[in-house]
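Next up, run-v5.pdb (PDB, N, CA and C atoms):
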ATOM      1  N   MET A   6      40.158  57.014  61.781
ATOM      2  CA  MET A   6      41.564  57.230  61.478
ATOM      3  C   MET A   6      42.178  55.914  61.027
ATOM      4  N   GLY A   7      43.076  56.029  60.090
ATOM      5  CA  GLY A   7      43.723  54.827  59.606
ATOM      6  C   GLY A   7      44.611  55.128  58.421
ATOM      7  N   ASP A   8      45.070  54.091  57.787
ATOM      8  CA  ASP A   8      45.953  54.174  56.638
ATOM      9  C   ASP A   8      45.128  54.517  55.401
ATOM     10  N   VAL A   9      45.471  55.596  54.743
ATOM     11  CA  VAL A   9      44.704  56.043  53.573
ATOM     12  C   VAL A   9      44.773  55.038  52.428
ATOM     13  N   THR A  10      45.769  54.178  52.442
ATOM     14  CA  THR A  10      45.877  53.206  51.363
ATOM     15  C   THR A  10      45.030  51.959  51.615
ATOM     16  N   ASP A  11      44.322  51.917  52.754
ATOM     17  CA  ASP A  11      43.409  50.812  53.049
ATOM     18  C   ASP A  11      42.062  51.385  53.488
ATOM     19  N   LEU A  12      41.154  51.499  52.538
ATOM     20  CA  LEU A  12      39.831  52.062  52.804
ATOM     21  C   LEU A  12      38.766  50.967  52.869
ATOM     22  N   SER A  13      39.197  49.739  53.127
ATOM     23  CA  SER A  13      38.282  48.602  53.117
ATOM     24  C   SER A  13      37.215  48.678  54.206
ATOM     25  N   SER A  14      37.442  49.446  55.244
ATOM     26  CA  SER A  14      36.455  49.541  56.330
ATOM     27  C   SER A  14      35.269  50.443  55.974
ATOM     28  N   LEU A  15      35.385  51.188  54.882
ATOM     29  CA  LEU A  15      34.302  52.077  54.466
ATOM     30  C   LEU A  15      33.334  51.342  53.540
ATOM     31  N   ALA A  16      32.062  51.530  53.788
ATOM     32  CA  ALA A  16      31.025  50.841  53.005
ATOM     33  C   ALA A  16      30.954  51.373  51.578
ATOM     34  N   SER A  17      30.590  50.522  50.669
ATOM     35  CA  SER A  17      30.412  50.919  49.272
ATOM     36  C   SER A  17      29.351  52.006  49.158
ATOM     37  N   THR A  18      29.583  52.934  48.261
ATOM     38  CA  THR A  18      28.699  54.069  47.957
ATOM     39  C   THR A  18      28.265  54.832  49.207
ATOM     40  N   SER A  19      29.125  54.917  50.206
ATOM     41  CA  SER A  19      28.759  55.548  51.479
ATOM     42  C   SER A  19      29.241  56.992  51.617
ATOM     43  N   ILE A  20      30.038  57.477  50.674
ATOM     44  CA  ILE A  20      30.631  58.808  50.792
ATOM     45  C   ILE A  20      30.136  59.696  49.653
ATOM     46  N   ASP A  21      29.573  60.848  50.022
ATOM     47  CA  ASP A  21      29.135  61.813  49.013
ATOM     48  C   ASP A  21      30.222  62.832  48.679
ATOM     49  N   PHE A  22      31.046  63.150  49.667
ATOM     50  CA  PHE A  22      32.035  64.216  49.518
ATOM     51  C   PHE A  22      33.326  63.759  50.177
ATOM     52  N   MET A  23      34.366  63.592  49.380
ATOM     53  CA  MET A  23      35.672  63.188  49.888
ATOM     54  C   MET A  23      36.612  64.370  49.701
ATOM     55  N   PHE A  24      37.340  64.729  50.753
ATOM     56  CA  PHE A  24      38.266  65.858  50.698
ATOM     57  C   PHE A  24      39.642  65.405  51.149
ATOM     58  N   ALA A  25      40.650  65.757  50.374
ATOM     59  CA  ALA A  25      42.039  65.469  50.736
ATOM     60  C   ALA A  25      42.862  66.720  50.497
ATOM     61  N   SER A  26      43.643  67.099  51.478
ATOM     62  CA  SER A  26      44.478  68.292  51.381
ATOM     63  C   SER A  26      45.941  67.912  51.534
ATOM     64  N   ASN A  27      46.716  68.239  50.512
ATOM     65  CA  ASN A  27      48.164  68.022  50.554
ATOM     66  C   ASN A  27      48.512  66.611  51.008
ATOM     67  N   LEU A  28      47.894  65.655  50.352
ATOM     68  CA  LEU A  28      48.075  64.257  50.722
ATOM     69  C   LEU A  28      48.874  63.470  49.689
ATOM     70  N   PHE A  29      48.516  63.605  48.446
ATOM     71  CA  PHE A  29      48.993  62.639  47.458
ATOM     72  C   PHE A  29      50.446  62.823  47.054
ATOM     73  N   GLU A  30      51.059  63.945  47.369
ATOM     74  CA  GLU A  30      52.503  64.091  47.124
ATOM     75  C   GLU A  30      53.318  63.248  48.110
ATOM     76  N   HIS A  31      52.658  62.733  49.147
ATOM     77  CA  HIS A  31      53.322  61.905  50.152
ATOM     78  C   HIS A  31      53.224  60.409  49.842
ATOM     79  N   LEU A  32      52.500  60.063  48.770
ATOM     80  CA  LEU A  32      52.313  58.671  48.370
ATOM     81  C   LEU A  32      53.017  58.412  47.044
ATOM     82  N   SER A  33      53.336  57.151  46.803
ATOM     83  CA  SER A  33      53.841  56.780  45.480
ATOM     84  C   SER A  33      52.674  56.823  44.492
ATOM     85  N   GLN A  34      52.974  56.801  43.209
ATOM     86  CA  GLN A  34      51.898  56.765  42.218
ATOM     87  C   GLN A  34      51.097  55.481  42.322
ATOM     88  N   ASN A  35      51.729  54.374  42.648
ATOM     89  CA  ASN A  35      50.993  53.111  42.825
ATOM     90  C   ASN A  35      50.031  53.209  44.004
ATOM     91  N   GLU A  36      50.467  53.822  45.096
ATOM     92  CA  GLU A  36      49.586  54.000  46.255
ATOM     93  C   GLU A  36      48.424  54.918  45.925
ATOM     94  N   PHE A  37      48.709  56.006  45.223
ATOM     95  CA  PHE A  37      47.664  56.944  44.808
ATOM     96  C   PHE A  37      46.651  56.226  43.915
ATOM     97  N   ALA A  38      47.132  55.441  42.966
ATOM     98  CA  ALA A  38      46.238  54.696  42.071
ATOM     99  C   ALA A  38      45.369  53.720  42.864
ATOM    100  N   SER A  39      45.949  53.088  43.873
ATOM    101  CA  SER A  39      45.188  52.168  44.720
ATOM    102  C   SER A  39      44.090  52.906  45.478
ATOM    103  N   VAL A  40      44.412  54.068  46.006
ATOM    104  CA  VAL A  40      43.412  54.876  46.713
ATOM    105  C   VAL A  40      42.286  55.251  45.762
ATOM    106  N   LEU A  41      42.630  55.661  44.547
ATOM    107  CA  LEU A  41      41.603  56.032  43.572
ATOM    108  C   LEU A  41      40.699  54.852  43.226
ATOM    109  N   ARG A  42      41.262  53.670  43.104
ATOM    110  CA  ARG A  42      40.446  52.466  42.831
ATOM    111  C   ARG A  42      39.470  52.223  43.988
ATOM    112  N   GLN A  43      39.975  52.351  45.211
ATOM    113  CA  GLN A  43      39.127  52.125  46.379
ATOM    114  C   GLN A  43      38.034  53.189  46.492
ATOM    115  N   LEU A  44      38.376  54.416  46.150
ATOM    116  CA  LEU A  44      37.390  55.497  46.209
ATOM    117  C   LEU A  44      36.262  55.273  45.205
ATOM    118  N   LYS A  45      36.558  54.660  44.069
ATOM    119  CA  LYS A  45      35.511  54.352  43.087
ATOM    120  C   LYS A  45      34.407  53.525  43.731
ATOM    121  N   ARG A  46      34.777  52.613  44.602
ATOM    122  CA  ARG A  46      33.808  51.762  45.286
ATOM    123  C   ARG A  46      33.078  52.525  46.385
ATOM    124  N   ILE A  47      33.756  53.392  47.056
ATOM    125  CA  ILE A  47      33.230  54.072  48.243
ATOM    126  C   ILE A  47      32.348  55.272  47.897
ATOM    127  N   LEU A  48      32.705  55.994  46.839
ATOM    128  CA  LEU A  48      31.949  57.194  46.487
ATOM    129  C   LEU A  48      30.538  56.849  46.026
ATOM    130  N   ALA A  49      29.578  57.623  46.499
ATOM    131  CA  ALA A  49      28.192  57.491  46.060
ATOM    132  C   ALA A  49      28.099  57.832  44.573
ATOM    133  N   ARG A  50      26.981  57.527  43.976
ATOM    134  CA  ARG A  50      26.797  57.725  42.533
ATOM    135  C   ARG A  50      27.217  59.121  42.070
ATOM    136  N   ASN A  51      26.822  60.155  42.761
ATOM    137  CA  ASN A  51      27.196  61.520  42.391
ATOM    138  C   ASN A  51      28.217  62.107  43.362
ATOM    139  N   GLY A  52      28.961  61.238  44.040
ATOM    140  CA  GLY A  52      29.966  61.691  44.999
ATOM    141  C   GLY A  52      31.142  62.370  44.310
ATOM    142  N   THR A  53      31.819  63.218  45.056
ATOM    143  CA  THR A  53      32.952  63.950  44.491
ATOM    144  C   THR A  53      34.197  63.776  45.345
ATOM    145  N   LEU A  54      35.325  63.769  44.676
ATOM    146  CA  LEU A  54      36.640  63.793  45.303
ATOM    147  C   LEU A  54      37.168  65.206  45.120
ATOM    148  N   ASN A  55      37.469  65.877  46.210
ATOM    149  CA  ASN A  55      37.903  67.271  46.184
ATOM    150  C   ASN A  55      39.313  67.346  46.750
ATOM    151  N   LEU A  56      40.231  67.897  45.957
ATOM    152  CA  LEU A  56      41.640  67.911  46.341
ATOM    153  C   LEU A  56      42.188  69.322  46.437
ATOM    154  N   LEU A  57      42.970  69.560  47.459
ATOM    155  CA  LEU A  57      43.884  70.697  47.519
ATOM    156  C   LEU A  57      45.263  70.064  47.452
ATOM    157  N   GLN A  58      46.023  70.418  46.467
ATOM    158  CA  GLN A  58      47.270  69.714  46.225
ATOM    159  C   GLN A  58      48.360  70.704  45.849
ATOM    160  N   LEU A  59      49.558  70.495  46.375
ATOM    161  CA  LEU A  59      50.686  71.328  45.962
ATOM    162  C   LEU A  59      50.872  71.244  44.455
ATOM    163  N   ASN A  60      51.274  72.342  43.871
ATOM    164  CA  ASN A  60      51.485  72.396  42.432
ATOM    165  C   ASN A  60      52.978  72.572  42.172
ATOM    166  N   TYR A  61      53.612  71.495  41.746
ATOM    167  CA  TYR A  61      55.055  71.522  41.505
ATOM    168  C   TYR A  61      55.448  72.590  40.483
ATOM    169  N   TYR A  62      54.579  72.876  39.557
ATOM    170  CA  TYR A  62      54.858  73.882  38.532
ATOM    171  C   TYR A  62      55.250  75.217  39.165
ATOM    172  N   TYR A  63      54.595  75.568  40.257
ATOM    173  CA  TYR A  63      54.852  76.854  40.917
ATOM    174  C   TYR A  63      55.764  76.737  42.138
ATOM    175  N   THR A  64      56.031  75.534  42.602
ATOM    176  CA  THR A  64      56.754  75.377  43.862
ATOM    177  C   THR A  64      58.029  74.548  43.734
ATOM    178  N   SER A  65      58.523  74.365  42.530
ATOM    179  CA  SER A  65      59.628  73.427  42.301
ATOM    180  C   SER A  65      60.872  73.737  43.129
ATOM    181  N   ARG A  66      61.173  74.986  43.359
ATOM    182  CA  ARG A  66      62.397  75.328  44.095
ATOM    183  C   ARG A  66      62.335  74.932  45.562
ATOM    184  N   LYS A  67      61.140  74.843  46.135
ATOM    185  CA  LYS A  67      61.019  74.516  47.554
ATOM    186  C   LYS A  67      60.238  73.226  47.817
ATOM    187  N   TYR A  68      59.818  72.565  46.782
ATOM    188  CA  TYR A  68      58.954  71.397  46.908
ATOM    189  C   TYR A  68      59.545  70.323  47.825
ATOM    190  N   PHE A  69      60.812  70.040  47.635
ATOM    191  CA  PHE A  69      61.434  68.977  48.418
ATOM    192  C   PHE A  69      62.085  69.491  49.699
ATOM    193  N   ASP A  70      61.782  70.724  50.084
ATOM    194  CA  ASP A  70      62.169  71.180  51.417
ATOM    195  C   ASP A  70      61.409  70.384  52.473
ATOM    196  N   ASP A  71      60.286  69.824  52.097
ATOM    197  CA  ASP A  71      59.565  68.884  52.946
ATOM    198  C   ASP A  71      60.047  67.487  52.540
ATOM    199  N   TYR A  72      60.832  66.878  53.410
ATOM    200  CA  TYR A  72      61.453  65.599  53.083
ATOM    201  C   TYR A  72      60.451  64.459  52.904
ATOM    202  N   THR A  73      59.188  64.659  53.293
ATOM    203  CA  THR A  73      58.188  63.597  53.147
ATOM    204  C   THR A  73      57.529  63.602  51.768
ATOM    205  N   HIS A  74      57.832  64.584  50.920
ATOM    206  CA  HIS A  74      57.282  64.599  49.566
ATOM    207  C   HIS A  74      57.963  63.514  48.740
ATOM    208  N   ARG A  75      57.133  62.675  48.116
ATOM    209  CA  ARG A  75      57.644  61.543  47.336
ATOM    210  C   ARG A  75      57.348  61.668  45.848
ATOM    211  N   THR A  76      56.233  62.306  45.504
ATOM    212  CA  THR A  76      55.770  62.316  44.117
ATOM    213  C   THR A  76      55.436  63.740  43.705
ATOM    214  N   ILE A  77      55.713  64.043  42.460
ATOM    215  CA  ILE A  77      55.518  65.388  41.919
ATOM    216  C   ILE A  77      54.224  65.425  41.108
ATOM    217  N   TYR A  78      53.408  66.456  41.363
ATOM    218  CA  TYR A  78      52.218  66.706  40.544
ATOM    219  C   TYR A  78      52.114  68.194  40.251
ATOM    220  N   SER A  79      51.826  68.491  39.014
ATOM    221  CA  SER A  79      51.460  69.854  38.625
ATOM    222  C   SER A  79      49.948  69.853  38.409
ATOM    223  N   HIS A  80      49.411  71.019  38.104
ATOM    224  CA  HIS A  80      47.977  71.096  37.820
ATOM    225  C   HIS A  80      47.620  70.247  36.593
ATOM    226  N   THR A  81      48.530  70.104  35.674
ATOM    227  CA  THR A  81      48.281  69.299  34.483
ATOM    228  C   THR A  81      48.408  67.811  34.791
ATOM    229  N   SER A  82      49.485  67.441  35.453
ATOM    230  CA  SER A  82      49.734  66.007  35.653
ATOM    231  C   SER A  82      48.738  65.368  36.613
ATOM    232  N   ILE A  83      48.296  66.087  37.629
ATOM    233  CA  ILE A  83      47.339  65.465  38.549
ATOM    234  C   ILE A  83      45.984  65.272  37.870
ATOM    235  N   CYS A  84      45.594  66.229  37.033
ATOM    236  CA  CYS A  84      44.339  66.067  36.284
ATOM    237  C   CYS A  84      44.450  64.892  35.320
ATOM    238  N   ASP A  85      45.579  64.780  34.644
ATOM    239  CA  ASP A  85      45.795  63.652  33.729
ATOM    240  C   ASP A  85      45.771  62.326  34.484
ATOM    241  N   PHE A  86      46.409  62.295  35.664
ATOM    242  CA  PHE A  86      46.448  61.074  36.473
ATOM    243  C   PHE A  86      45.045  60.675  36.900
ATOM    244  N   LEU A  87      44.268  61.644  37.360
ATOM    245  CA  LEU A  87      42.890  61.374  37.767
ATOM    246  C   LEU A  87      42.066  60.842  36.596
ATOM    247  N   GLU A  88      42.168  61.491  35.450
ATOM    248  CA  GLU A  88      41.410  61.064  34.279
ATOM    249  C   GLU A  88      41.859  59.678  33.795
ATOM    250  N   ALA A  89      43.149  59.395  33.885
ATOM    251  CA  ALA A  89      43.657  58.082  33.486
ATOM    252  C   ALA A  89      43.114  56.977  34.379
ATOM    253  N   HIS A  90      42.648  57.357  35.576
ATOM    254  CA  HIS A  90      42.097  56.381  36.517
ATOM    255  C   HIS A  90      40.573  56.482  36.623
ATOM    256  N   GLY A  91      39.960  57.053  35.581
ATOM    257  CA  GLY A  91      38.509  57.005  35.469
ATOM    258  C   GLY A  91      37.743  58.131  36.134
ATOM    259  N   TYR A  92      38.430  59.182  36.543
ATOM    260  CA  TYR A  92      37.752  60.315  37.165
ATOM    261  C   TYR A  92      37.551  61.420  36.153
ATOM    262  N   ARG A  93      36.492  62.181  36.332
ATOM    263  CA  ARG A  93      36.222  63.341  35.475
ATOM    264  C   ARG A  93      36.554  64.584  36.288
ATOM    265  N   VAL A  94      37.492  65.383  35.807
ATOM    266  CA  VAL A  94      37.890  66.609  36.495
ATOM    267  C   VAL A  94      36.885  67.693  36.149
ATOM    268  N   ILE A  95      36.244  68.233  37.170
ATOM    269  CA  ILE A  95      35.225  69.262  36.979
ATOM    270  C   ILE A  95      35.861  70.643  36.977
ATOM    271  N   GLU A  96      36.814  70.847  37.865
ATOM    272  CA  GLU A  96      37.475  72.156  37.958
ATOM    273  C   GLU A  96      38.890  71.959  38.458
ATOM    274  N   CYS A  97      39.806  72.741  37.901
ATOM    275  CA  CYS A  97      41.199  72.719  38.339
ATOM    276  C   CYS A  97      41.693  74.156  38.401
ATOM    277  N   ARG A  98      42.116  74.559  39.566
ATOM    278  CA  ARG A  98      42.678  75.902  39.733
ATOM    279  C   ARG A  98      44.177  75.762  39.977
ATOM    280  N   PRO A  99      44.987  76.114  39.004
ATOM    281  CA  PRO A  99      46.432  75.902  39.119
ATOM    282  C   PRO A  99      47.081  76.603  40.312
ATOM    283  N   ARG A 100      46.611  77.765  40.653
ATOM    284  CA  ARG A 100      47.253  78.538  41.722
ATOM    285  C   ARG A 100      46.188  78.924  42.731
ATOM    286  N   PHE A 101      46.099  78.151  43.817
ATOM    287  CA  PHE A 101      45.032  78.372  44.789
ATOM    288  C   PHE A 101      45.563  78.745  46.159
ATOM    289  N   LEU A 102      46.603  78.063  46.618
ATOM    290  CA  LEU A 102      47.149  78.286  47.953
ATOM    291  C   LEU A 102      48.655  78.470  47.891
ATOM    292  N   PRO A 103      49.235  79.091  48.912
ATOM    293  CA  PRO A 103      50.693  79.170  48.983
ATOM    294  C   PRO A 103      51.287  77.797  49.279
ATOM    295  N   LEU A 104      52.597  77.674  49.084
ATOM    296  CA  LEU A 104      53.291  76.411  49.318
ATOM    297  C   LEU A 104      53.188  75.964  50.765
ATOM    298  N   THR A 105      53.294  76.899  51.705
ATOM    299  CA  THR A 105      53.354  76.538  53.109
ATOM    300  C   THR A 105      52.599  77.550  53.958
ATOM    301  N   VAL A 106      52.196  77.116  55.135
ATOM    302  CA  VAL A 106      51.577  78.049  56.080
ATOM    303  C   VAL A 106      52.597  78.533  57.096
ATOM    304  N   LYS A 107      53.854  78.110  56.951
ATOM    305  CA  LYS A 107      54.921  78.582  57.830
ATOM    306  C   LYS A 107      55.226  80.023  57.484
ATOM    307  N   SER A 108      55.139  80.882  58.468
ATOM    308  CA  SER A 108      55.339  82.310  58.221
ATOM    309  C   SER A 108      55.625  83.015  59.535
ATOM    310  N   ARG A 109      56.245  84.195  59.433
ATOM    311  CA  ARG A 109      56.420  85.028  60.625
ATOM    312  C   ARG A 109      55.112  85.713  60.971
ATOM    313  N   LEU A 110      54.219  85.784  60.017
ATOM    314  CA  LEU A 110      52.934  86.420  60.237
ATOM    315  C   LEU A 110      51.938  85.410  60.793
ATOM    316  N   PRO A 111      50.964  85.834  61.576
ATOM    317  CA  PRO A 111      49.966  84.891  62.072
ATOM    318  C   PRO A 111      49.133  84.324  60.928
ATOM    319  N   VAL A 112      48.761  83.074  61.061
ATOM    320  CA  VAL A 112      47.949  82.402  60.035
ATOM    321  C   VAL A 112      46.494  82.481  60.442
TER     322      VAL A 112
END

Please rewrite the model in this file as structure tokens.
Amino acid sequence: MGDVTDLSSLASTSIDFMFASNLFEHLSQNEFASVLRQLKRILARNGTLNLLQLNYYYTSRKYFDDYTHRTIYSHTSICDFLEAHGYRVIECRPRFLPLTVKSRLPV
């Protein structure tokens, strides 16, 4: 456990599969870019970064109901951001999960 913006404790090429869920909307773009740079060092040769991320395109009316959201990404902009930082997007599903798990129904 630790600060996602400091991955220096992880060994180079030590991670085959990195998963982040609903994380990067809570960081600035500079912080996200820093994490991506660090992941380049940490990911193994064929390692993958796998993201579940809110899609502002579909959630704009309620996106900032969570006061901790700092940065907006749609399915297009997050793929562009990743590619601009040297990542190859293998698959992008614009509509995968609901905005929130808060519900009157059991989850």

Problem set entry | Test item: the PyMOL selection byres (((chain A and resi 28 and name CA) around 10) and name CA) resolved as a ChimeraX atom specification | /A:9,24-27,29-32,37,56-59,74

Exercise. Nearest to Thr81 of chain A: which of A:Cys97, A:Ala49, A:Leu15, A:Ile20 is it, counting only C-alpha atoms?
Worked result: A:Cys97

Seminar exercise, completed: From atom N of Asp11 of chain A to atom N of Gly91 of chain A the spacing works out at 18.4 Å

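Atom pair atom CA of Ile95 of chain A / atom CA of Thr18 of chain A has a distance of 19.8 Å (rounded to one decimal).
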
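Each of A:Met6, A:Asn55, A:His90, A:Ile77 was compared to Leu41 of chain A using only C-alpha atoms, and A:His90 turns out to be the nearest.
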
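Each of A:Asn60, A:Ser33, A:Ser17, A:Thr10 was checked against Thr76 of chain A using only N, CA and C atoms; the smallest atom-to-atom distance is that of A:Ser33.
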
Problem set entry | strand (DSSP E or B) call set, DSSP backbone run, segment 6-66 of chain A, as JSON, numbers by chain | {"A": [20, 21, 22, 23, 24, 25, 26, 48, 49, 50, 51, 52, 53, 54, 55, 56, 57]}
